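File shown: input_29.pdb. Contents: PDB, C-alpha atoms, pLDDT in the B column.
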MODEL        1
ATOM      1  CA  MET A   1       0.000   0.000   0.000  1.00 55.00           C
ATOM      2  CA  ALA A   2       3.041   2.278  -0.021  1.00 66.00           C
ATOM      3  CA  ASP A   3       2.150   3.434  -3.543  1.00 85.00           C
ATOM      4  CA  ALA A   4      -1.443   4.442  -2.687  1.00 92.00           C
ATOM      5  CA  LYS A   5      -2.046   8.200  -2.923  1.00 93.00           C
ATOM      6  CA  LEU A   6      -4.784  10.606  -1.969  1.00 95.00           C
ATOM      7  CA  ILE A   7      -5.009  13.517  -4.416  1.00 96.00           C
ATOM      8  CA  SER A   8      -7.345  16.502  -4.366  1.00 97.00           C
ATOM      9  CA  PHE A   9      -8.287  18.176  -7.637  1.00 97.00           C
ATOM     10  CA  ALA A  10      -8.294  21.457  -5.671  1.00 96.00           C
ATOM     11  CA  ASP A  11      -4.528  21.091  -5.165  1.00 97.00           C
ATOM     12  CA  LEU A  12      -3.697  20.516  -8.831  1.00 97.00           C
ATOM     13  CA  SER A  13      -2.634  23.203 -11.269  1.00 97.00           C
ATOM     14  CA  VAL A  14      -4.888  24.107 -14.189  1.00 97.00           C
ATOM     15  CA  ASP A  15      -3.766  23.917 -17.795  1.00 95.00           C
ATOM     16  CA  ARG A  16      -5.552  25.498 -20.747  1.00 96.00           C
ATOM     17  CA  PRO A  17      -4.607  23.598 -23.928  1.00 93.00           C
ATOM     18  CA  MET A  18      -7.243  25.448 -26.017  1.00 94.00           C
ATOM     19  CA  PRO A  19      -9.520  28.449 -25.587  1.00 96.00           C
ATOM     20  CA  LEU A  20     -12.625  27.887 -23.416  1.00 97.00           C
ATOM     21  CA  ILE A  21     -11.220  24.850 -21.562  1.00 97.00           C
ATOM     22  CA  GLU A  22      -9.594  24.339 -18.169  1.00 98.00           C
ATOM     23  CA  ARG A  23      -8.175  20.955 -17.222  1.00 97.00           C
ATOM     24  CA  LYS A  24      -6.600  19.237 -14.204  1.00 97.00           C
ATOM     25  CA  ARG A  25      -5.119  15.767 -14.695  1.00 96.00           C
ATOM     26  CA  ILE A  26      -4.102  12.820 -12.579  1.00 96.00           C
ATOM     27  CA  ILE A  27      -1.933  10.419 -14.555  1.00 92.00           C
ATOM     28  CA  GLY A  28      -1.336   6.922 -13.195  1.00 92.00           C
ATOM     29  CA  GLU A  29       0.454   3.939 -14.646  1.00 90.00           C
ATOM     30  CA  GLN A  30      -2.486   2.570 -16.673  1.00 92.00           C
ATOM     31  CA  MET A  31      -5.205   5.202 -16.606  1.00 94.00           C
ATOM     32  CA  MET A  32      -5.702   8.935 -16.491  1.00 95.00           C
ATOM     33  CA  VAL A  33      -8.546  11.084 -15.179  1.00 97.00           C
ATOM     34  CA  SER A  34      -9.005  14.726 -16.091  1.00 96.00           C
ATOM     35  CA  GLU A  35     -11.334  17.193 -14.447  1.00 98.00           C
ATOM     36  CA  VAL A  36     -12.413  19.378 -17.348  1.00 98.00           C
ATOM     37  CA  ARG A  37     -14.411  22.592 -17.371  1.00 98.00           C
ATOM     38  CA  LEU A  38     -15.691  23.696 -20.766  1.00 98.00           C
ATOM     39  CA  SER A  39     -17.147  27.133 -21.354  1.00 98.00           C
ATOM     40  CA  LYS A  40     -20.201  27.406 -23.582  1.00 98.00           C
ATOM     41  CA  GLY A  41     -19.065  27.478 -27.206  1.00 98.00           C
ATOM     42  CA  PHE A  42     -15.970  25.303 -26.723  1.00 98.00           C
ATOM     43  CA  ASN A  43     -15.547  23.454 -30.013  1.00 97.00           C
ATOM     44  CA  LEU A  44     -13.142  20.566 -30.590  1.00 96.00           C
ATOM     45  CA  GLY A  45     -12.935  19.314 -34.156  1.00 95.00           C
ATOM     46  CA  THR A  46     -13.097  15.681 -35.144  1.00 96.00           C
ATOM     47  CA  HIS A  47     -10.124  13.654 -33.970  1.00 94.00           C
ATOM     48  CA  GLN A  48      -9.368  10.139 -32.777  1.00 93.00           C
ATOM     49  CA  HIS A  49      -6.905   8.406 -30.489  1.00 92.00           C
ATOM     50  CA  ALA A  50      -6.034   4.845 -29.561  1.00 92.00           C
ATOM     51  CA  ASN A  51      -7.152   5.394 -25.947  1.00 93.00           C
ATOM     52  CA  GLU A  52     -10.536   4.263 -24.690  1.00 95.00           C
ATOM     53  CA  GLN A  53     -12.300   7.314 -23.202  1.00 96.00           C
ATOM     54  CA  PHE A  54     -15.227   7.681 -20.793  1.00 97.00           C
ATOM     55  CA  VAL A  55     -16.745  11.178 -20.805  1.00 98.00           C
ATOM     56  CA  VAL A  56     -18.624  11.615 -17.512  1.00 98.00           C
ATOM     57  CA  VAL A  57     -20.789  14.754 -17.587  1.00 98.00           C
ATOM     58  CA  VAL A  58     -21.016  16.005 -14.005  1.00 98.00           C
ATOM     59  CA  SER A  59     -23.035  19.068 -15.050  1.00 98.00           C
ATOM     60  CA  GLY A  60     -23.875  20.801 -18.299  1.00 98.00           C
ATOM     61  CA  ARG A  61     -24.470  19.611 -21.835  1.00 98.00           C
ATOM     62  CA  CYS A  62     -22.346  18.855 -24.917  1.00 98.00           C
ATOM     63  CA  ARG A  63     -23.019  17.667 -28.452  1.00 98.00           C
ATOM     64  CA  PHE A  64     -20.617  15.009 -29.710  1.00 98.00           C
ATOM     65  CA  GLY A  65     -20.178  14.097 -33.338  1.00 98.00           C
ATOM     66  CA  LEU A  66     -19.368  10.397 -33.732  1.00 98.00           C
ATOM     67  CA  GLY A  67     -17.737   8.973 -36.830  1.00 97.00           C
ATOM     68  CA  ALA A  68     -15.615  10.501 -39.562  1.00 96.00           C
ATOM     69  CA  ASP A  69     -16.702  13.869 -40.944  1.00 96.00           C
ATOM     70  CA  GLY A  70     -18.831  13.391 -44.048  1.00 95.00           C
ATOM     71  CA  SER A  71     -19.172   9.636 -43.628  1.00 96.00           C
ATOM     72  CA  PRO A  72     -22.601   7.952 -43.739  1.00 97.00           C
ATOM     73  CA  GLU A  73     -21.889   6.569 -40.243  1.00 95.00           C
ATOM     74  CA  ARG A  74     -21.509  10.085 -38.769  1.00 98.00           C
ATOM     75  CA  ARG A  75     -24.106  10.889 -36.104  1.00 98.00           C
ATOM     76  CA  GLU A  76     -24.562  13.375 -33.285  1.00 98.00           C
ATOM     77  CA  VAL A  77     -25.423  12.655 -29.674  1.00 98.00           C
ATOM     78  CA  GLU A  78     -26.174  15.094 -26.866  1.00 98.00           C
ATOM     79  CA  VAL A  79     -24.627  14.153 -23.533  1.00 98.00           C
ATOM     80  CA  LYS A  80     -25.933  15.852 -20.402  1.00 98.00           C
ATOM     81  CA  THR A  81     -25.672  15.860 -16.622  1.00 98.00           C
ATOM     82  CA  GLY A  82     -25.428  12.349 -15.190  1.00 98.00           C
ATOM     83  CA  GLN A  83     -24.650  10.643 -18.493  1.00 98.00           C
ATOM     84  CA  VAL A  84     -21.475   8.894 -19.654  1.00 98.00           C
ATOM     85  CA  LEU A  85     -20.317   8.675 -23.259  1.00 98.00           C
ATOM     86  CA  VAL A  86     -18.135   5.600 -23.822  1.00 98.00           C
ATOM     87  CA  LEU A  87     -15.717   6.106 -26.703  1.00 97.00           C
ATOM     88  CA  PRO A  88     -13.789   3.000 -27.803  1.00 97.00           C
ATOM     89  CA  GLY A  89     -10.268   3.570 -29.089  1.00 95.00           C
ATOM     90  CA  ASN A  90      -9.891   5.018 -32.598  1.00 95.00           C
ATOM     91  CA  VAL A  91     -13.506   6.237 -32.902  1.00 97.00           C
ATOM     92  CA  PRO A  92     -13.513   9.666 -34.582  1.00 97.00           C
ATOM     93  CA  HIS A  93     -15.349  12.229 -32.434  1.00 97.00           C
ATOM     94  CA  SER A  94     -15.870  15.952 -31.939  1.00 97.00           C
ATOM     95  CA  CYS A  95     -17.326  18.014 -29.088  1.00 98.00           C
ATOM     96  CA  LEU A  96     -19.298  21.266 -28.817  1.00 98.00           C
ATOM     97  CA  ALA A  97     -20.203  22.636 -25.353  1.00 98.00           C
ATOM     98  CA  LEU A  98     -23.839  23.750 -25.521  1.00 98.00           C
ATOM     99  CA  GLU A  99     -23.499  25.349 -22.074  1.00 98.00           C
ATOM    100  CA  ASP A 100     -20.835  25.610 -19.381  1.00 98.00           C
ATOM    101  CA  THR A 101     -19.999  21.966 -18.692  1.00 98.00           C
ATOM    102  CA  HIS A 102     -18.069  20.075 -15.999  1.00 98.00           C
ATOM    103  CA  ILE A 103     -16.651  16.718 -17.164  1.00 98.00           C
ATOM    104  CA  LEU A 104     -14.507  13.928 -15.820  1.00 98.00           C
ATOM    105  CA  ASP A 105     -12.565  12.384 -18.711  1.00 96.00           C
ATOM    106  CA  ILE A 106     -11.157   8.922 -18.030  1.00 96.00           C
ATOM    107  CA  PHE A 107      -8.561   7.547 -20.450  1.00 95.00           C
ATOM    108  CA  SER A 108      -6.910   4.142 -20.685  1.00 95.00           C
ATOM    109  CA  PRO A 109      -4.140   3.692 -21.445  1.00 93.00           C
ATOM    110  CA  ILE A 110      -2.685   7.027 -20.356  1.00 89.00           C
ATOM    111  CA  SER A 111      -1.649   9.649 -22.855  1.00 77.00           C
ATOM    112  CA  GLU A 112       0.202  12.892 -22.290  1.00 72.00           C
ATOM    113  CA  LYS A 113      -1.453  14.203 -25.465  1.00 67.00           C
ATOM    114  CA  THR A 114      -5.205  14.059 -26.074  1.00 69.00           C
ATOM    115  CA  GLY A 115      -7.436  15.600 -28.738  1.00 67.00           C
ATOM    116  CA  VAL A 116      -7.389  19.041 -27.120  1.00 71.00           C
ATOM    117  CA  ASP A 117      -3.584  19.040 -27.061  1.00 69.00           C
ATOM    118  CA  ALA A 118      -3.401  18.354 -30.797  1.00 61.00           C
ATOM    119  CA  HIS A 119      -5.834  21.200 -31.545  1.00 55.00           C
ATOM    120  CA  GLY A 120      -4.351  23.757 -29.146  1.00 51.00           C
TER     121      GLY A 120
ENDMDL
END

The structure given in the file should be rewritten as structure tokens.
Amino acid sequence: MADAKLISFADLSVDRPMPLIERKRIIGEQMMVSEVRLSKGFNLGTHQHANEQFVVVVSGRCRFGLGADGSPERREVEVKTGQVLVLPGNVPHSCLALEDTHILDIFSPISEKTGVDAHG
């Protein structure tokens, strides 16, 4: 149990990889959780990554595009307070914050770079 840690998001520094987003991250050996605050109008273009991602909406509302832009498989889904969007690895997706939104993003495996880092 020597490796167990107690971490408070309140003690972590904020980074802002793009406009209208604030993020705090805890990166472990096999998974990563980010506390994310999106301001209304935040818009992340379509991207994909090998990591599996769970988007837990604590409060607020976002519209996600799922699938490659222009493909017949492309669809949109609105994710709101209390819902979780499960994104398997390599699924193209985008995100638009319809209102100020508080999210917990859980990634496995870990990645120092996520979609917002590539678009920043």

Fill in the blank from the handout: If you count only C-alpha atoms, the residue of A:Gly28, A:Gly89, A:Gly60, A:Pro17 closest to Thr101 of chain A turns out to be A:Gly60

Practice task
Decode the PyMOL selection byres ((chain A and resi 40) around 6) for the given file into explicit residues and return them as a list in words.
Solution key: Ser39, Gly41, Phe42, Ala97, Leu98, Glu99 and Asp100 of chain A

Exercise for the section: Any chance you could resolve the PyMOL selection byres ((chain A and resi 59) around 8) against this file and give the residues as an MDAnalysis selection string? Expected result: chainID A and resid 57:58 60:61 80:82 101:103

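Rounded to one decimal, atom CA of Pro109 of chain A and atom CA of Asp15 of chain A lie 20.6 Å from each other.
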
Exercise for the section: For atom CA of Val14 of chain A and atom CA of Val116 of chain A, determine how far apart the two atoms are, in Å to one decimal place. Expected result: 14.1 Å

Fill in the blank from the handout: Between atom CA of Arg75 of chain A and atom CA of Ile106 of chain A lies a distance of 22.3 Å

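With all atoms listed in the file as the atoms that count, the minimum distance from Leu85 of chain A to the choices A:Gln53, A:Asn43, A:Met31, A:Ala68 is reached by A:Gln53.
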
Handout entry: Spatial neighbours of Lys24 of chain A, 12 Å, only C-alpha atoms, chain gap at least 3 places, as a list in words
Key = Ile7, Ser8, Phe9, Ala10, Asp11, Leu12, Ser13, Val14, Asp15, Arg16, Pro17, Ile21, Ile27, Met32, Val33, Ser34, Glu35, Val36, Arg37, His102, Ile103, Leu104, Asp105 and Ile106 of chain A

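Evaluating the PyMOL selection byres ((chain A and resi 95) around 7) against the shown model yields Asn43, Leu44, Gly45, Cys62, Arg63, Phe64, Gly65, His93, Ser94, Leu96 and Ala97 of chain A.
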
Handout entry: From A:Arg23, A:Lys5, A:Phe54, A:His49, residue lying nearest Gln83 of chain A [only C-alpha atoms]
Key = A:Phe54

Problem - Within 8 Å of Glu52 of chain A using all atoms listed in the file, minus same-chain residues under 6 positions, as a list in words - result: Val86, Leu87, Pro88, Gly89, Asn90, Phe107, Ser108 and Pro109 of chain A

Where is the centre and how long are the edges: axis-aligned box on segment 101-106 of chain A, 6 Å on each side, Å to one decimal, as AutoDock Vina command-line options:
--center_x -15.6 --center_y 15.4 --center_z -17.3 --size_x 20.8 --size_y 25.0 --size_z 14.9
